[in-house]
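Source file: coords_5.cif; contents: mmCIF, C-alpha atoms.
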```cif
data_final
loop_
_atom_site.label_atom_id
_atom_site.label_comp_id
_atom_site.auth_asym_id
_atom_site.auth_seq_id
_atom_site.Cartn_x
_atom_site.Cartn_y
_atom_site.Cartn_z
CA MET O 1 -101.09 -29.47 1.64
CA ILE O 2 -101.23 -29.01 -2.15
CA VAL O 3 -99.80 -31.83 -4.27
CA LEU O 4 -96.93 -30.71 -6.51
CA VAL O 5 -95.87 -34.08 -7.94
CA ASP O 6 -98.37 -36.88 -8.54
CA ILE O 7 -96.96 -40.24 -9.70
CA GLN O 8 -99.65 -42.64 -10.91
CA HIS O 9 -98.77 -46.30 -11.57
CA VAL O 10 -95.53 -45.47 -13.37
CA SER O 11 -93.41 -48.27 -14.86
CA LYS O 12 -90.29 -48.23 -17.01
CA LYS O 13 -88.44 -51.20 -18.52
CA TYR O 14 -85.27 -50.76 -20.54
CA LYS O 15 -84.79 -52.71 -23.74
CA ASP O 16 -83.33 -56.19 -23.11
CA ALA O 17 -83.45 -55.68 -19.32
CA PRO O 18 -84.73 -58.76 -17.43
CA LYS O 19 -87.13 -56.70 -15.31
CA ALA O 20 -88.57 -53.21 -14.97
CA ALA O 21 -86.37 -50.49 -13.44
CA VAL O 22 -89.54 -48.85 -12.06
CA ASN O 23 -92.54 -51.06 -11.43
CA ASP O 24 -96.05 -49.66 -10.89
CA LEU O 25 -94.82 -46.83 -8.69
CA SER O 26 -97.36 -44.43 -7.20
CA LEU O 27 -96.63 -41.60 -4.76
CA THR O 28 -97.27 -37.91 -4.18
CA ILE O 29 -94.95 -35.09 -3.20
CA LYS O 30 -96.66 -32.13 -1.57
CA LYS O 31 -95.63 -28.50 -1.88
CA GLY O 32 -93.18 -27.51 0.81
CA GLU O 33 -92.08 -31.05 1.65
CA VAL O 34 -88.52 -32.26 1.94
CA PHE O 35 -89.15 -35.65 0.38
CA GLY O 36 -86.46 -38.30 0.79
CA LEU O 37 -86.35 -41.01 -1.86
CA LEU O 38 -84.23 -43.84 -0.49
CA GLY O 39 -83.27 -47.24 -1.85
CA PRO O 40 -80.34 -49.55 -2.60
CA ASN O 41 -78.27 -49.39 -5.76
CA GLY O 42 -80.47 -50.50 -8.65
CA ALA O 43 -83.70 -49.68 -6.81
CA GLY O 44 -84.90 -47.38 -9.61
CA LYS O 45 -84.14 -43.96 -8.12
CA THR O 46 -82.14 -42.65 -11.08
CA THR O 47 -84.73 -43.90 -13.59
CA PHE O 48 -87.51 -42.27 -11.57
CA ILE O 49 -85.69 -38.92 -11.41
CA SER O 50 -84.91 -39.06 -15.13
CA MET O 51 -88.61 -39.50 -15.92
CA LEU O 52 -89.56 -36.75 -13.48
CA CYS O 53 -87.15 -34.38 -15.24
CA GLY O 54 -88.58 -35.31 -18.65
CA LEU O 55 -85.43 -36.99 -19.98
CA PHE O 56 -87.64 -39.85 -21.14
CA GLN O 57 -91.25 -40.90 -20.85
CA PRO O 58 -92.59 -43.67 -18.62
CA GLY O 59 -93.40 -46.96 -20.31
CA SER O 60 -96.80 -46.74 -18.62
CA GLY O 61 -98.51 -44.54 -16.06
CA GLU O 62 -98.50 -40.78 -15.65
CA ILE O 63 -96.33 -38.16 -13.95
CA PHE O 64 -98.07 -34.90 -13.12
CA ILE O 65 -96.04 -31.85 -12.08
CA ASN O 66 -98.25 -29.04 -10.85
CA GLY O 67 -101.11 -30.76 -12.68
CA ARG O 68 -99.26 -30.99 -16.01
CA THR O 69 -97.24 -33.65 -17.81
CA HIS O 70 -94.06 -33.53 -19.88
CA LYS O 71 -96.02 -35.00 -22.80
CA THR O 72 -98.25 -31.94 -23.11
CA HIS O 73 -96.44 -29.15 -21.22
CA SER O 74 -92.75 -30.10 -21.20
CA LYS O 75 -91.43 -26.52 -21.14
CA GLU O 76 -93.67 -25.50 -18.24
CA CYS O 77 -92.74 -28.61 -16.25
CA LYS O 78 -89.02 -28.11 -16.77
CA GLN O 79 -89.20 -24.43 -15.81
CA ILE O 80 -90.29 -25.25 -12.26
CA ILE O 81 -87.64 -27.95 -11.73
CA GLY O 82 -84.07 -27.42 -10.57
CA VAL O 83 -81.65 -30.35 -10.64
CA VAL O 84 -78.46 -30.82 -8.65
CA PRO O 85 -76.93 -34.03 -10.05
CA GLN O 86 -74.55 -36.33 -8.25
CA GLU O 87 -71.90 -35.61 -10.88
CA ILE O 88 -70.32 -32.15 -10.82
CA ALA O 89 -72.03 -30.43 -13.77
CA LEU O 90 -69.60 -27.54 -14.15
CA TYR O 91 -66.92 -26.53 -16.65
CA PRO O 92 -63.60 -27.14 -14.84
CA GLN O 93 -61.60 -24.55 -16.82
CA LEU O 94 -64.09 -21.77 -16.09
CA THR O 95 -64.37 -19.86 -12.83
CA ALA O 96 -67.34 -20.16 -10.49
CA TRP O 97 -68.58 -16.78 -11.73
CA GLU O 98 -68.23 -17.75 -15.40
CA ASN O 99 -70.00 -21.08 -14.84
CA LEU O 100 -72.91 -19.53 -13.00
CA MET O 101 -73.30 -16.63 -15.43
CA PHE O 102 -73.36 -19.07 -18.35
CA LEU O 103 -75.88 -21.38 -16.66
CA GLY O 104 -78.01 -18.40 -15.64
CA HIS O 105 -78.18 -17.28 -19.27
CA MET O 106 -79.23 -20.83 -20.21
CA TYR O 107 -82.21 -20.37 -17.87
CA GLY O 108 -83.02 -17.08 -19.59
CA LEU O 109 -81.76 -14.97 -16.70
CA LYS O 110 -79.67 -11.84 -17.24
CA GLY O 111 -78.64 -8.43 -15.98
CA ASN O 112 -78.09 -7.25 -12.43
CA SER O 113 -80.69 -9.61 -10.97
CA LEU O 114 -78.63 -12.63 -12.11
CA LYS O 115 -75.37 -11.09 -10.88
CA GLU O 116 -76.86 -10.30 -7.46
CA LYS O 117 -78.34 -13.80 -7.21
CA ILE O 118 -74.94 -15.36 -7.90
CA LYS O 119 -73.13 -13.05 -5.45
CA GLU O 120 -75.70 -13.70 -2.72
CA ASN O 121 -75.47 -17.49 -3.02
CA LEU O 122 -71.67 -17.52 -3.23
CA LYS O 123 -71.51 -15.41 -0.08
CA ILE O 124 -73.98 -17.60 1.83
CA LEU O 125 -72.04 -20.74 0.92
CA GLY O 126 -68.65 -19.30 1.80
CA LEU O 127 -67.30 -18.93 -1.73
CA GLU O 128 -67.17 -15.14 -2.02
CA SER O 129 -63.37 -14.99 -2.02
CA ASN O 130 -63.09 -17.78 -4.64
CA ILE O 131 -65.46 -16.23 -7.14
CA HIS O 132 -62.85 -15.83 -9.92
CA GLN O 133 -61.00 -19.06 -9.23
CA LYS O 134 -61.22 -21.91 -11.78
CA ILE O 135 -63.42 -24.83 -10.76
CA ILE O 136 -60.59 -27.28 -11.46
CA SER O 137 -58.72 -25.83 -8.47
CA TYR O 138 -61.69 -26.15 -6.08
CA SER O 139 -61.92 -28.80 -3.37
CA GLY O 140 -64.69 -31.40 -3.56
CA GLY O 141 -66.83 -29.52 -1.05
CA MET O 142 -66.44 -26.23 -2.91
CA LYS O 143 -67.48 -27.87 -6.19
CA ARG O 144 -70.57 -29.34 -4.49
CA ARG O 145 -71.59 -25.92 -3.23
CA VAL O 146 -71.27 -24.32 -6.68
CA ASN O 147 -73.13 -27.32 -8.15
CA LEU O 148 -75.98 -26.55 -5.73
CA ILE O 149 -76.07 -22.86 -6.65
CA ALA O 150 -76.35 -23.79 -10.33
CA GLY O 151 -79.60 -25.64 -9.63
CA LEU O 152 -81.05 -22.75 -7.63
CA LEU O 153 -80.50 -19.77 -9.93
CA HIS O 154 -83.99 -19.78 -11.47
CA ASN O 155 -85.80 -20.21 -8.12
CA PRO O 156 -87.34 -23.62 -8.91
CA GLN O 157 -90.51 -24.76 -7.18
CA LEU O 158 -89.09 -28.30 -7.07
CA LEU O 159 -85.40 -28.86 -6.36
CA ILE O 160 -84.11 -32.37 -7.10
CA LEU O 161 -80.96 -33.33 -5.21
CA ASP O 162 -79.11 -36.53 -6.10
CA GLU O 163 -76.56 -37.29 -3.35
CA PRO O 164 -75.84 -33.58 -2.73
CA THR O 165 -73.34 -34.17 0.09
CA VAL O 166 -71.48 -37.26 -1.15
CA GLY O 167 -67.74 -37.10 -0.64
CA VAL O 168 -67.61 -33.69 1.03
CA ASP O 169 -66.14 -32.49 4.32
CA VAL O 170 -68.31 -31.99 7.39
CA GLN O 171 -68.26 -28.19 7.08
CA SER O 172 -69.46 -28.25 3.45
CA LYS O 173 -72.12 -30.81 4.31
CA GLN O 174 -73.45 -28.64 7.11
CA ALA O 175 -73.42 -25.51 4.91
CA ILE O 176 -75.34 -27.28 2.14
CA ILE O 177 -77.99 -28.77 4.43
CA GLU O 178 -78.50 -25.55 6.39
CA HIS O 179 -78.89 -23.54 3.18
CA LEU O 180 -81.46 -26.04 1.89
CA LYS O 181 -83.40 -25.94 5.16
CA LYS O 182 -83.49 -22.14 4.99
CA LEU O 183 -84.75 -22.17 1.39
CA ASN O 184 -87.43 -24.69 2.26
CA LYS O 185 -88.58 -22.72 5.29
CA GLU O 186 -88.45 -19.21 3.83
CA SER O 187 -89.57 -19.77 0.23
CA GLY O 188 -91.53 -23.01 0.58
CA MET O 189 -89.30 -24.68 -2.02
CA THR O 190 -90.15 -28.35 -2.37
CA ILE O 191 -87.12 -30.64 -2.21
CA LEU O 192 -86.73 -34.18 -3.54
CA TYR O 193 -83.61 -35.66 -1.98
CA THR O 194 -81.82 -38.96 -2.58
CA SER O 195 -78.90 -40.15 -0.50
CA HIS O 196 -77.19 -43.11 1.10
CA HIS O 197 -76.53 -40.96 4.19
CA LEU O 198 -79.52 -42.29 6.12
CA ASP O 199 -78.87 -40.35 9.33
CA GLU O 200 -78.82 -37.17 7.25
CA ALA O 201 -82.09 -38.17 5.59
CA GLU O 202 -83.70 -38.85 8.97
CA ASN O 203 -82.86 -35.37 10.25
CA PHE O 204 -83.41 -33.44 7.01
CA CYS O 205 -86.52 -34.94 5.42
CA THR O 206 -90.14 -34.33 6.42
CA HIS O 207 -91.30 -37.40 4.46
CA ILE O 208 -89.43 -40.52 3.35
CA ALA O 209 -90.22 -43.16 0.73
CA ILE O 210 -88.14 -46.33 0.42
CA ILE O 211 -88.16 -48.12 -2.92
CA ASP O 212 -86.58 -51.40 -3.96
CA GLU O 213 -86.61 -53.25 -7.29
CA GLY O 214 -88.60 -50.35 -8.71
CA LYS O 215 -91.44 -50.68 -6.19
CA LEU O 216 -92.53 -48.52 -3.27
CA ILE O 217 -92.14 -50.60 -0.10
CA THR O 218 -92.90 -48.03 2.60
CA GLN O 219 -93.35 -44.29 3.14
CA GLY O 220 -94.19 -41.81 5.86
CA GLN O 221 -92.72 -39.26 8.23
CA PRO O 222 -89.32 -40.38 9.58
CA GLN O 223 -90.35 -40.76 13.20
CA GLU O 224 -93.59 -42.43 12.15
CA LEU O 225 -91.68 -45.05 10.14
CA ILE O 226 -89.27 -45.65 13.03
CA ARG O 227 -92.14 -46.13 15.48
CA GLN O 228 -94.27 -48.32 13.20
CA ASN O 229 -91.37 -50.69 12.57
CA ASN O 230 -90.14 -50.82 16.18
CA CYS O 231 -86.76 -49.47 15.10
CA ASN O 232 -84.31 -46.95 16.49
CA SER O 233 -83.47 -45.11 13.29
CA ILE O 234 -84.28 -44.76 9.60
CA GLU O 235 -81.20 -46.87 8.88
CA ASP O 236 -82.77 -49.70 10.91
CA VAL O 237 -86.05 -49.29 8.99
CA TYR O 238 -84.17 -49.28 5.69
CA LEU O 239 -82.29 -52.50 6.48
CA LYS O 240 -85.45 -54.16 7.77
CA MET O 241 -87.26 -53.33 4.53
CA THR O 242 -84.48 -53.95 1.99
CA GLY O 243 -82.38 -56.65 3.70
CA THR O 244 -78.64 -56.92 4.13
CA LYS O 245 -77.62 -58.49 0.80
CA PHE O 246 -74.97 -56.61 -1.15
CA ARG O 247 -76.32 -54.47 -4.03
CA ASP O 248 -73.30 -54.03 -6.29
#
```

What would you get if you wrote out this structure as structure tokens?
Amino acid sequence: MIVLVDIQHVSKKYKDAPKAAVNDLSLTIKKGEVFGLLGPNGAGKTTFISMLCGLFQPGSGEIFINGRTHKTHSKECKQIIGVVPQEIALYPQLTAWENLMFLGHMYGLKGNSLKEKIKENLKILGLESNIHQKIISYSGGMKRRVNLIAGLLHNPQLLILDEPTVGVDVQSKQAIIEHLKKLNKESGMTILYTSHHLDEAENFCTHIAIIDEGKLITQGQPQELIRQNNCNSIEDVYLKMTGTKFRD
């Protein structure tokens, strides 16, 4: 498989922090993978994603996206990335349609192709009848589904999902995961997924990396990791690798 993301010895330490948030991290994400990035609170996941998105540069090391870096080809790198943040990144006083039209224009999309894209995704995710309803009136699951559509409008090669199903009902969770599986299968979209729902990660991801204290501690296919560690589930592997201490 072709490598889409190549992380080479990346480190990042915040000013006045006692230790690095990301510490000599190296990994690759191949095209078409559903790559699960797992780790406790404070493991470095958010810092890693922020660097991958180009929000700030690594302190050392290199991040290559499709063979390019944000330092030299920031626009090209950002064009192939879609981000679905953990926070709901929508305007609450606007409708779903108004939010998605506005965000589509921000991506440089316009005309009937944008309108059809929005209608198609709203229909698939069960929001067709709520299209002109203000986001503030939506349930948590409905907001999550619109949040997902916002990250998909420009057909990114790499979709980054930060806790995409946190705090949603079972039906919304299933709709989100099934839609993502379909996109991955039919378009080959590469997905980088972070979550504390470890059973979901086990069933959804084709490859999993577990990081802690900014370092990669293990990676591989879910069933491979379970077998190698004599465990019954990814949750067992996770606890074996990261321990049971609280990470507040």

Would you translate the PyMOL selection byres ((chain O and resi 191) around 8) into the concrete set of residues it matches in this file, as an NGL selection string? :O and (32-35 or 158-161 or 184 or 189-190 or 192-193)

Atom CA of Ile211 of chain O to atom CA of Gln57 of chain O, straight-line distance in Å: 19.6 Å

Close residues, Thr242 of chain O itself excluded, 10 Å, all atoms listed in the file, min 5 positions apart in chain, as a PyMOL selection string: chain O and resi 39-40+43+210-213+217+237

For the structure shown, which residues end up in the PyMOL selection byres ((chain O and resi 194) around 8)? Put them as a short mmCIF file (atom, residue, chain, number, x, y, z; two decimals) with C-alpha atoms, keeping the file's coordinate frame, please?
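expr.cif was written with the following content:
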```cif
data_model
loop_
_atom_site.label_atom_id
_atom_site.label_comp_id
_atom_site.auth_asym_id
_atom_site.auth_seq_id
_atom_site.Cartn_x
_atom_site.Cartn_y
_atom_site.Cartn_z
CA GLY O 36 -86.46 -38.30 0.79
CA LEU O 37 -86.35 -41.01 -1.86
CA LEU O 38 -84.23 -43.84 -0.49
CA LYS O 45 -84.14 -43.96 -8.12
CA LEU O 161 -80.96 -33.33 -5.21
CA ASP O 162 -79.11 -36.53 -6.10
CA GLU O 163 -76.56 -37.29 -3.35
CA LEU O 192 -86.73 -34.18 -3.54
CA TYR O 193 -83.61 -35.66 -1.98
CA SER O 195 -78.90 -40.15 -0.50
CA HIS O 196 -77.19 -43.11 1.10
#
```

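Here atom CA of Gln8 of chain O is placed at a distance of 5.2 Å from atom CA of Glu62 of chain O.
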
Could you pull the residues within 10 Å of Asn99 of chain O, counting all atoms listed in the file, minus those fewer than 2 positions along the same chain, as a ChimeraX atom specification? /O:89-97,101-104,134-135,146-147,150

Residue IDs satisfying the PyMOL selection byres ((chain O and resi 124-130) around 8), as number ranges by chain: O: 96, 119-123, 131-133, 142, 145, 175-176, 179

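Candidate residues O:Pro164, O:Ser50, O:Asn232, O:Gln157 were compared for distance to Asn66 of chain O, and the nearest is O:Gln157, using all atoms listed in the file.
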
Length of the atom CA of Thr47 of chain O to atom CA of Asp24 of chain O vector [Å]: 13.0 Å

Could you give me, as a ChimeraX atom specification, the residues that have an atom at most 12 Å away from the point (-68.8, -30.4, 5.4) in the coordinates of the file, using only C-alpha atoms? /O:125-126,139-145,164-178

Residue among O:Val5, O:Thr218, O:Ser60, O:Asn229 lying closest to Cys77 of chain O, counting all atoms listed in the file: O:Val5

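Ranking O:Phe204, O:Glu76, O:Glu87, O:Gly59 by their shortest atom-to-atom distance to Lys15 of chain O, with only C-alpha atoms included, puts O:Gly59 first.
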
Per-axis box centre and lengths in Å around segment 65-75 of chain O, 3 Å margin per side, axis-aligned, as AutoDock Vina command-line options:
```
--center_x -96.3 --center_y -30.8 --center_z -17.0 --size_x 15.7 --size_y 14.5 --size_z 18.3
```

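Closest approach to Leu153 of chain O among O:Lys71, O:Lys117, O:Lys30, O:Lys245: O:Lys117, based on all atoms listed in the file.
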
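If only C-alpha atoms are the atoms counted, then among O:Val3, O:Ser113, O:Ile49, O:Pro156 the closest residue to Ser187 of chain O is O:Pro156.
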
Which residues are near Gly61 of chain O? Cut-off 12 Å, all atoms listed in the file, ignore same chain within fewer than 6 positions. Put them as a compact mmCIF listing (two decimals) with C-alpha atoms, keeping the file's coordinate frame.
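Output file out_13.txt is given in full below:
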```txt
# COMPACT_ATOMS: atom_id res chain seq x y z
CA ASP O 6 -98.37 -36.88 -8.54
CA ILE O 7 -96.96 -40.24 -9.70
CA GLN O 8 -99.65 -42.64 -10.91
CA HIS O 9 -98.77 -46.30 -11.57
CA VAL O 10 -95.53 -45.47 -13.37
CA SER O 11 -93.41 -48.27 -14.86
CA LYS O 12 -90.29 -48.23 -17.01
CA VAL O 22 -89.54 -48.85 -12.06
CA ASN O 23 -92.54 -51.06 -11.43
CA ASP O 24 -96.05 -49.66 -10.89
CA LEU O 25 -94.82 -46.83 -8.69
CA SER O 26 -97.36 -44.43 -7.20
CA LEU O 27 -96.63 -41.60 -4.76
CA MET O 51 -88.61 -39.50 -15.92
CA THR O 69 -97.24 -33.65 -17.81
CA LYS O 71 -96.02 -35.00 -22.80
```
